file query-v5.tsv (TSV, C-alpha atoms)
chain	number	residue	atom	x	y	z
A	1	MET	CA	16.33	-51.19	179.74
A	2	ILE	CA	13.19	-50.08	177.92
A	3	ILE	CA	12.11	-52.37	175.08
A	4	ASP	CA	10.10	-50.86	172.24
A	5	GLY	CA	7.88	-53.52	170.65
A	6	LEU	CA	8.43	-51.93	167.24
A	7	LEU	CA	12.19	-52.49	167.54
A	8	GLN	CA	12.06	-56.20	168.40
A	9	PHE	CA	13.60	-58.62	165.92
A	10	ASP	CA	12.49	-61.62	167.92
A	11	PRO	CA	10.16	-61.48	170.90
A	12	ALA	CA	10.58	-64.00	173.70
A	13	LEU	CA	10.28	-67.67	172.81
A	14	SER	CA	11.22	-67.39	169.13
A	15	ALA	CA	12.66	-70.84	168.50
A	16	ILE	CA	15.76	-71.25	166.35
A	17	THR	CA	16.38	-74.82	165.23
A	18	SER	CA	17.90	-74.17	161.79
A	19	THR	CA	19.29	-71.22	159.86
A	20	ARG	CA	16.61	-68.55	159.47
A	21	VAL	CA	15.99	-64.80	159.53
A	22	SER	CA	14.45	-62.93	162.44
A	23	THR	CA	10.72	-63.13	163.05
A	24	ASN	CA	10.30	-59.37	162.52
A	25	VAL	CA	11.81	-57.00	159.97
A	26	ILE	CA	12.10	-53.43	161.22
A	27	ASP	CA	10.86	-50.88	158.68
A	28	LEU	CA	12.54	-47.59	159.58
A	29	LEU	CA	10.14	-45.57	157.46
A	30	ALA	CA	7.15	-46.91	159.38
A	31	GLN	CA	8.72	-46.79	162.86
A	32	ARG	CA	11.55	-44.33	163.41
A	33	ASP	CA	14.96	-43.12	162.40
A	34	ILE	CA	17.54	-44.83	164.60
A	35	GLY	CA	20.20	-42.23	163.82
A	36	ASP	CA	23.63	-42.66	162.35
A	37	GLY	CA	24.74	-45.30	164.84
A	38	MET	CA	27.10	-42.94	166.64
A	39	ASN	CA	25.60	-40.60	169.26
A	40	PRO	CA	24.39	-42.59	171.14
A	41	PRO	CA	24.58	-45.84	169.23
A	42	MET	CA	21.58	-48.12	169.13
A	43	LEU	CA	22.41	-51.36	170.88
A	44	LEU	CA	21.48	-54.83	169.72
A	45	THR	CA	20.80	-57.00	172.73
A	46	VAL	CA	20.14	-60.72	172.45
A	47	GLY	CA	19.10	-63.00	175.29
A	48	VAL	CA	18.53	-66.74	175.49
A	49	ASN	CA	15.09	-67.67	176.80
A	50	ALA	CA	15.27	-71.45	176.54
A	51	ALA	CA	18.50	-73.45	176.46
A	52	PHE	CA	19.66	-74.64	173.06
A	53	THR	CA	20.11	-78.34	172.51
A	54	ALA	CA	21.43	-80.30	169.55
A	55	ALA	CA	22.28	-83.87	168.69
A	56	GLY	CA	25.87	-82.75	168.10
A	57	ALA	CA	27.97	-79.69	168.77
A	58	GLY	CA	25.70	-77.00	167.35
A	59	THR	CA	26.72	-73.35	167.01
A	60	LEU	CA	24.77	-70.14	166.45
A	61	GLN	CA	26.08	-67.02	164.69
A	62	ILE	CA	24.02	-63.84	164.28
A	63	GLN	CA	24.33	-61.42	161.36
A	64	MET	CA	22.98	-57.84	161.35
A	65	GLN	CA	21.53	-57.05	157.93
A	66	GLY	CA	19.90	-54.16	156.07
A	67	SER	CA	18.06	-53.61	152.79
A	68	VAL	CA	16.66	-50.72	150.79
A	69	ASP	CA	13.91	-52.84	149.20
A	70	ASN	CA	13.19	-55.71	151.66
A	71	ALA	CA	14.47	-58.14	149.03
A	72	THR	CA	18.25	-57.94	148.80
A	73	TYR	CA	19.96	-57.83	152.21
A	74	PHE	CA	23.53	-56.85	153.01
A	75	THR	CA	25.37	-57.96	156.15
A	76	TYR	CA	26.77	-55.03	158.18
A	77	GLY	CA	28.14	-56.97	161.12
A	78	GLU	CA	28.15	-60.41	162.68
A	79	THR	CA	28.96	-62.17	165.92
A	80	ARG	CA	31.30	-65.05	166.43
A	81	ALA	CA	29.77	-68.52	166.50
A	82	PHE	CA	28.39	-69.27	169.98
A	83	SER	CA	28.77	-72.88	171.09
A	84	ILE	CA	25.88	-74.95	172.41
A	85	ALA	CA	27.40	-74.67	175.92
A	86	GLU	CA	27.13	-70.85	175.77
A	87	LEU	CA	23.49	-70.84	174.65
A	88	THR	CA	21.94	-71.16	178.09
A	89	PRO	CA	19.28	-68.93	179.69
A	90	ILE	CA	21.61	-66.96	181.99
A	91	GLY	CA	20.17	-63.64	180.82
A	92	ARG	CA	21.74	-61.59	178.06
A	93	LEU	CA	23.85	-63.51	175.53
A	94	PHE	CA	25.46	-60.31	174.25
A	95	THR	CA	24.97	-56.59	173.74
A	96	MET	CA	26.75	-54.68	171.01
A	97	ALA	CA	26.42	-51.38	169.20
A	98	TRP	CA	24.45	-51.67	165.98
A	99	PRO	CA	27.09	-51.14	163.31
A	100	ALA	CA	27.15	-47.80	161.52
A	101	VAL	CA	25.71	-48.48	158.09
A	102	PRO	CA	28.19	-47.85	155.30
A	103	VAL	CA	26.79	-45.97	152.33
A	104	GLY	CA	29.11	-47.19	149.63
A	105	THR	CA	29.91	-46.80	146.01
A	106	PRO	CA	28.84	-49.06	143.14
A	107	GLY	CA	30.72	-52.33	143.09
A	108	THR	CA	31.16	-52.58	146.87
A	109	THR	CA	29.24	-54.71	149.34
A	110	ALA	CA	27.53	-51.60	150.76
A	111	ILE	CA	24.35	-50.29	149.26
A	112	ALA	CA	25.32	-47.70	146.66
A	113	GLY	CA	24.23	-44.24	147.76
A	114	ALA	CA	21.41	-45.28	150.09
A	115	ALA	CA	20.97	-46.12	153.75
A	116	PRO	CA	18.83	-49.18	154.48
A	117	ARG	CA	15.13	-48.86	155.19
A	118	TYR	CA	14.71	-52.43	156.48
A	119	LEU	CA	16.69	-54.15	159.24
A	120	ARG	CA	16.72	-57.81	160.25
A	121	LEU	CA	18.86	-60.47	161.87
A	122	ASN	CA	20.03	-63.67	160.21
A	123	TYR	CA	20.62	-66.64	162.51
A	124	ILE	CA	23.14	-69.16	161.16
A	125	VAL	CA	23.00	-72.60	162.76
A	126	ALA	CA	26.08	-74.70	162.04
A	127	THR	CA	26.77	-78.35	162.85
A	128	GLY	CA	23.08	-78.52	163.72
A	129	PRO	CA	20.23	-78.66	163.50
A	130	MET	CA	19.29	-77.51	166.96
A	131	THR	CA	16.53	-79.50	168.61
A	132	ALA	CA	15.43	-76.69	170.97
A	133	GLY	CA	16.31	-73.15	171.98
A	134	SER	CA	14.84	-69.66	171.76
A	135	VAL	CA	16.03	-66.06	171.90
A	136	ASN	CA	14.75	-62.53	172.27
A	137	ALA	CA	16.48	-59.81	170.23
A	138	GLN	CA	15.83	-56.06	170.05
A	139	LEU	CA	17.35	-52.65	169.46
A	140	VAL	CA	17.57	-50.48	172.58
A	141	LEU	CA	19.17	-47.17	173.56
A	142	ASP	CA	20.45	-48.33	176.93
A	143	ALA	CA	20.95	-51.98	177.75
A	144	GLN	CA	20.63	-53.40	181.22
A	145	SER	CA	24.17	-53.59	182.53
A	146	THR	CA	23.86	-55.82	185.57
A	147	ARG	CA	25.96	-58.96	185.57
A	148	GLN	CA	24.12	-62.20	186.21
A	149	TYR	CA	25.86	-65.18	187.74
A	150	PRO	CA	24.76	-68.80	187.93
A	151	ALA	CA	23.23	-69.92	191.23
A	152	GLY	CA	25.73	-70.92	193.92
A	153	ILE	CA	28.51	-68.46	193.02
A	154	ASN	CA	29.97	-66.58	196.01
A	155	ILE	CA	31.55	-63.20	195.33
A	156	THR	CA	33.91	-61.90	197.99
A	157	ASN	CA	34.56	-58.21	198.49

call {"tool": "encode", "arguments": {"input": "query-v5.tsv", "output": "structure tokens"}}
result
Amino acid sequence: MIIDGLLQFDPALSAITSTRVSTNVIDLLAQRDIGDGMNPPMLLTVGVNAAFTAAGAGTLQIQMQGSVDNATYFTYGETRAFSIAELTPIGRLFTMAWPAVPVGTPGTTAIAGAAPRYLRLNYIVATGPMTAGSVNAQLVLDAQSTRQYPAGINITN
């Protein structure tokens, strides 16, 4: 997997303790056109660098958002809420295709007649706050597809 620094939402060690947006906003005009999301789709890959901890049963949900003006953002896709037990540094938390951006009509949740120029992630912490934890998140063309297992697991052939 090749990571382009200009397509990173959050570089390694970006702590998430409460609901916040990604460290970086990707400006497609300044960097590059990522295509229509179809052939091949850009992939959002998120990894956990440092284990998340919370006083209670914290959860983390990630929303993929876009904007034409870097002020009003629309959510194009979102993950399920990951539990505190799932937010451990075992490698990649998830990889998914960046959703194709709907170009809608007035009165819908899509941006009327325009594709977004700005992209960001929104991290939603529920039943938190988290007391520790960090992620790395980026857009890539081909994600690393090796499976990582915890230490001590024996796989028989």

call {"tool": "residues_around", "arguments": {"input": "query-v5.tsv", "residues": "region 66-74 of chain A", "least_positions_apart": "4", "cutoff": "7 Å", "atoms": "all atoms listed in the file", "output": "PyMOL selection string"}}
result
chain A and resi 110+115-120

call {"tool": "write_last_selection", "arguments": {"input": "query-v5.tsv", "atoms": "C-alpha atoms", "output": "PDB file, in the coordinates of the input"}}
result
ATOM      1  CA  ALA A 110      27.530 -51.600 150.760  1.00  0.00           C
ATOM      2  CA  ALA A 115      20.970 -46.120 153.750  1.00  0.00           C
ATOM      3  CA  PRO A 116      18.830 -49.180 154.480  1.00  0.00           C
ATOM      4  CA  ARG A 117      15.130 -48.860 155.190  1.00  0.00           C
ATOM      5  CA  TYR A 118      14.710 -52.430 156.480  1.00  0.00           C
ATOM      6  CA  LEU A 119      16.690 -54.150 159.240  1.00  0.00           C
ATOM      7  CA  ARG A 120      16.720 -57.810 160.250  1.00  0.00           C
TER       8      ARG A 120
END

call {"tool": "atom_distance", "arguments": {"input": "query-v5.tsv", "atom1": "CA of Gly5 (chain A)", "atom2": "CA of Thr88 (chain A)"}}
result
23.8 Å

call {"tool": "closest_residue", "arguments": {"input": "query-v5.tsv", "among": "A:Gly152, A:Gly128, A:Gly58, A:Pro99", "to": "Pro40 (chain A)", "atoms": "all atoms listed in the file"}}
result
A:Pro99

call {"tool": "atom_distance", "arguments": {"input": "query-v5.tsv", "atom1": "CA of Asn122 (chain A)", "atom2": "CA of Gln63 (chain A)"}}
result
5.0 Å

call {"tool": "residues_around", "arguments": {"input": "query-v5.tsv", "residues": "Leu13 (chain A)", "least_positions_apart": "3", "cutoff": "9 Å", "atoms": "all atoms listed in the file", "output": "list in words"}}
result
Asp10, Val48, Asn49, Ala50, Gly133, Ser134, Val135 and Asn136 of chain A

call {"tool": "write_last_selection", "arguments": {"input": "query-v5.tsv", "atoms": "C-alpha atoms", "output": "compact mmCIF listing (two decimals), keeping the file's coordinate frame"}}
result
# COMPACT_ATOMS: atom_id res chain seq x y z
CA ASP A 10 12.49 -61.62 167.92
CA VAL A 48 18.53 -66.74 175.49
CA ASN A 49 15.09 -67.67 176.80
CA ALA A 50 15.27 -71.45 176.54
CA GLY A 133 16.31 -73.15 171.98
CA SER A 134 14.84 -69.66 171.76
CA VAL A 135 16.03 -66.06 171.90
CA ASN A 136 14.75 -62.53 172.27

call {"tool": "residues_around", "arguments": {"input": "query-v5.tsv", "residues": "Gln138 (chain A)", "least_positions_apart": "2", "cutoff": "8 Å", "atoms": "all atoms listed in the file", "output": "list in words"}}
result
Ile3, Leu7, Gln8, Phe9, Asp10, Pro11, Leu44, Thr45, Val46, Asn136 and Val140 of chain A

call {"tool": "write_last_selection", "arguments": {"input": "query-v5.tsv", "atoms": "C-alpha atoms", "output": "PDB file, in the coordinates of the input"}}
result
ATOM      1  CA  ILE A   3      12.110 -52.370 175.080  1.00  0.00           C
ATOM      2  CA  LEU A   7      12.190 -52.490 167.540  1.00  0.00           C
ATOM      3  CA  GLN A   8      12.060 -56.200 168.400  1.00  0.00           C
ATOM      4  CA  PHE A   9      13.600 -58.620 165.920  1.00  0.00           C
ATOM      5  CA  ASP A  10      12.490 -61.620 167.920  1.00  0.00           C
ATOM      6  CA  PRO A  11      10.160 -61.480 170.900  1.00  0.00           C
ATOM      7  CA  LEU A  44      21.480 -54.830 169.720  1.00  0.00           C
ATOM      8  CA  THR A  45      20.800 -57.000 172.730  1.00  0.00           C
ATOM      9  CA  VAL A  46      20.140 -60.720 172.450  1.00  0.00           C
ATOM     10  CA  ASN A 136      14.750 -62.530 172.270  1.00  0.00           C
ATOM     11  CA  VAL A 140      17.570 -50.480 172.580  1.00  0.00           C
TER      12      VAL A 140
END

call {"tool": "closest_residue", "arguments": {"input": "query-v5.tsv", "among": "A:Leu139, A:Ala15, A:Ile26, A:Ile84", "to": "Met42 (chain A)", "atoms": "only C-alpha atoms"}}
result
A:Leu139

call {"tool": "atom_distance", "arguments": {"input": "query-v5.tsv", "atom1": "CA of Val25 (chain A)", "atom2": "CA of Gly77 (chain A)"}}
result
16.4 Å

call {"tool": "closest_residue", "arguments": {"input": "query-v5.tsv", "among": "A:Leu93, A:Ala151, A:Val21, A:Leu6", "to": "Gln65 (chain A)", "atoms": "all atoms listed in the file"}}
result
A:Val21

call {"tool": "closest_residue", "arguments": {"input": "query-v5.tsv", "among": "A:Leu121, A:Ser18, A:Ile153, A:Arg80", "to": "Met64 (chain A)", "atoms": "all atoms listed in the file"}}
result
A:Leu121

call {"tool": "closest_residue", "arguments": {"input": "query-v5.tsv", "among": "A:Ala51, A:Leu28, A:Leu43, A:Ala57", "to": "Met96 (chain A)", "atoms": "all atoms listed in the file"}}
result
A:Leu43

call {"tool": "closest_residue", "arguments": {"input": "query-v5.tsv", "among": "A:Pro150, A:Ser22, A:Thr156, A:Gly47", "to": "Arg92 (chain A)", "atoms": "all atoms listed in the file"}}
result
A:Gly47

call {"tool": "decode", "arguments": {"input": "query-v5.tsv", "residues": "region 61-107 of chain A", "atoms": "N, CA and C atoms", "output": "compact mmCIF listing (two decimals), in the first residue's frame"}}
result
# COMPACT_ATOMS: atom_id res chain seq x y z
N GLN A 61 -17.43 6.07 15.87
CA GLN A 61 -18.03 5.95 14.55
C GLN A 61 -17.36 6.97 13.65
N ILE A 62 -17.14 6.62 12.37
CA ILE A 62 -16.44 7.51 11.45
C ILE A 62 -17.36 7.85 10.28
N GLN A 63 -17.50 9.14 10.00
CA GLN A 63 -18.31 9.61 8.88
C GLN A 63 -17.39 10.17 7.79
N MET A 64 -17.71 9.87 6.52
CA MET A 64 -17.00 10.42 5.38
C MET A 64 -17.80 11.60 4.87
N GLN A 65 -17.18 12.79 4.82
CA GLN A 65 -17.91 14.00 4.50
C GLN A 65 -17.24 14.78 3.37
N GLY A 66 -18.05 15.60 2.67
CA GLY A 66 -17.56 16.45 1.60
C GLY A 66 -18.24 17.80 1.63
N SER A 67 -17.58 18.79 1.01
CA SER A 67 -18.09 20.16 0.99
C SER A 67 -17.63 20.86 -0.28
N VAL A 68 -18.44 21.78 -0.78
CA VAL A 68 -18.02 22.58 -1.92
C VAL A 68 -17.31 23.85 -1.47
N ASP A 69 -17.51 24.26 -0.21
CA ASP A 69 -16.98 25.54 0.25
C ASP A 69 -16.14 25.46 1.54
N ASN A 70 -15.87 24.27 2.05
CA ASN A 70 -15.11 24.07 3.27
C ASN A 70 -15.82 24.68 4.49
N ALA A 71 -17.13 24.83 4.39
CA ALA A 71 -17.91 25.38 5.51
C ALA A 71 -19.06 24.45 5.86
N THR A 72 -19.86 24.10 4.88
CA THR A 72 -21.00 23.21 5.10
C THR A 72 -20.66 21.84 4.56
N TYR A 73 -20.62 20.84 5.46
CA TYR A 73 -20.24 19.48 5.07
C TYR A 73 -21.45 18.57 5.05
N PHE A 74 -21.46 17.64 4.08
CA PHE A 74 -22.49 16.64 3.95
C PHE A 74 -21.86 15.27 4.18
N THR A 75 -22.56 14.39 4.85
CA THR A 75 -22.08 13.04 5.12
C THR A 75 -22.49 12.12 3.97
N TYR A 76 -21.49 11.46 3.35
CA TYR A 76 -21.73 10.56 2.23
C TYR A 76 -21.77 9.10 2.64
N GLY A 77 -21.16 8.79 3.75
CA GLY A 77 -21.14 7.42 4.24
C GLY A 77 -20.63 7.41 5.66
N GLU A 78 -20.90 6.32 6.38
CA GLU A 78 -20.43 6.21 7.75
C GLU A 78 -20.26 4.75 8.12
N THR A 79 -19.42 4.52 9.12
CA THR A 79 -19.20 3.18 9.62
C THR A 79 -20.18 2.90 10.74
N ARG A 80 -20.19 1.68 11.17
CA ARG A 80 -20.93 1.35 12.39
C ARG A 80 -20.11 1.88 13.56
N ALA A 81 -20.66 1.83 14.75
CA ALA A 81 -19.93 2.26 15.94
C ALA A 81 -19.02 1.11 16.39
N PHE A 82 -17.72 1.37 16.46
CA PHE A 82 -16.76 0.38 16.93
C PHE A 82 -16.66 0.46 18.44
N SER A 83 -16.71 -0.68 19.10
CA SER A 83 -16.63 -0.70 20.57
C SER A 83 -15.19 -0.50 21.02
N ILE A 84 -15.03 -0.17 22.28
CA ILE A 84 -13.70 0.05 22.85
C ILE A 84 -12.84 -1.21 22.71
N ALA A 85 -13.46 -2.39 22.78
CA ALA A 85 -12.72 -3.65 22.66
C ALA A 85 -12.16 -3.84 21.25
N GLU A 86 -12.78 -3.25 20.24
CA GLU A 86 -12.32 -3.39 18.86
C GLU A 86 -11.23 -2.38 18.49
N LEU A 87 -11.08 -1.36 19.30
CA LEU A 87 -10.15 -0.27 18.98
C LEU A 87 -8.78 -0.54 19.58
N THR A 88 -8.16 -1.61 19.10
CA THR A 88 -6.84 -2.02 19.55
C THR A 88 -5.87 -1.97 18.37
N PRO A 89 -4.59 -1.78 18.64
CA PRO A 89 -3.61 -1.66 17.54
C PRO A 89 -3.23 -3.00 16.93
N ILE A 90 -4.16 -3.64 16.23
CA ILE A 90 -3.89 -4.91 15.57
C ILE A 90 -3.58 -4.68 14.09
N GLY A 91 -3.48 -3.45 13.68
CA GLY A 91 -3.24 -3.13 12.28
C GLY A 91 -4.39 -2.29 11.76
N ARG A 92 -4.96 -2.69 10.66
CA ARG A 92 -6.02 -1.94 10.02
C ARG A 92 -7.34 -2.19 10.75
N LEU A 93 -8.05 -1.11 11.08
CA LEU A 93 -9.38 -1.24 11.69
C LEU A 93 -10.39 -1.60 10.62
N PHE A 94 -10.34 -0.90 9.49
CA PHE A 94 -11.20 -1.24 8.35
C PHE A 94 -10.67 -0.59 7.09
N THR A 95 -11.10 -1.14 5.96
CA THR A 95 -10.86 -0.56 4.65
C THR A 95 -12.18 -0.63 3.90
N MET A 96 -12.56 0.47 3.29
CA MET A 96 -13.80 0.47 2.51
C MET A 96 -13.66 1.43 1.35
N ALA A 97 -14.43 1.19 0.30
CA ALA A 97 -14.42 2.08 -0.85
C ALA A 97 -15.00 3.42 -0.45
N TRP A 98 -14.33 4.50 -0.86
CA TRP A 98 -14.87 5.83 -0.62
C TRP A 98 -16.18 5.91 -1.37
N PRO A 99 -17.26 6.32 -0.73
CA PRO A 99 -18.55 6.30 -1.42
C PRO A 99 -18.58 7.23 -2.62
N ALA A 100 -19.25 6.78 -3.68
CA ALA A 100 -19.46 7.64 -4.84
C ALA A 100 -20.27 8.84 -4.38
N VAL A 101 -19.85 10.01 -4.74
CA VAL A 101 -20.48 11.24 -4.26
C VAL A 101 -21.73 11.53 -5.08
N PRO A 102 -22.88 11.58 -4.41
CA PRO A 102 -24.10 11.90 -5.15
C PRO A 102 -24.16 13.39 -5.49
N VAL A 103 -24.47 13.69 -6.71
CA VAL A 103 -24.70 15.08 -7.10
C VAL A 103 -26.20 15.20 -7.24
N GLY A 104 -26.81 15.84 -6.25
CA GLY A 104 -28.26 15.79 -6.14
C GLY A 104 -28.99 16.98 -6.71
N THR A 105 -30.21 17.06 -6.33
CA THR A 105 -31.09 18.15 -6.75
C THR A 105 -31.43 18.99 -5.54
N PRO A 106 -31.84 20.23 -5.73
CA PRO A 106 -32.18 21.08 -4.59
C PRO A 106 -33.21 20.40 -3.68
N GLY A 107 -33.00 20.56 -2.39
CA GLY A 107 -33.91 19.98 -1.41
C GLY A 107 -33.51 18.60 -0.93
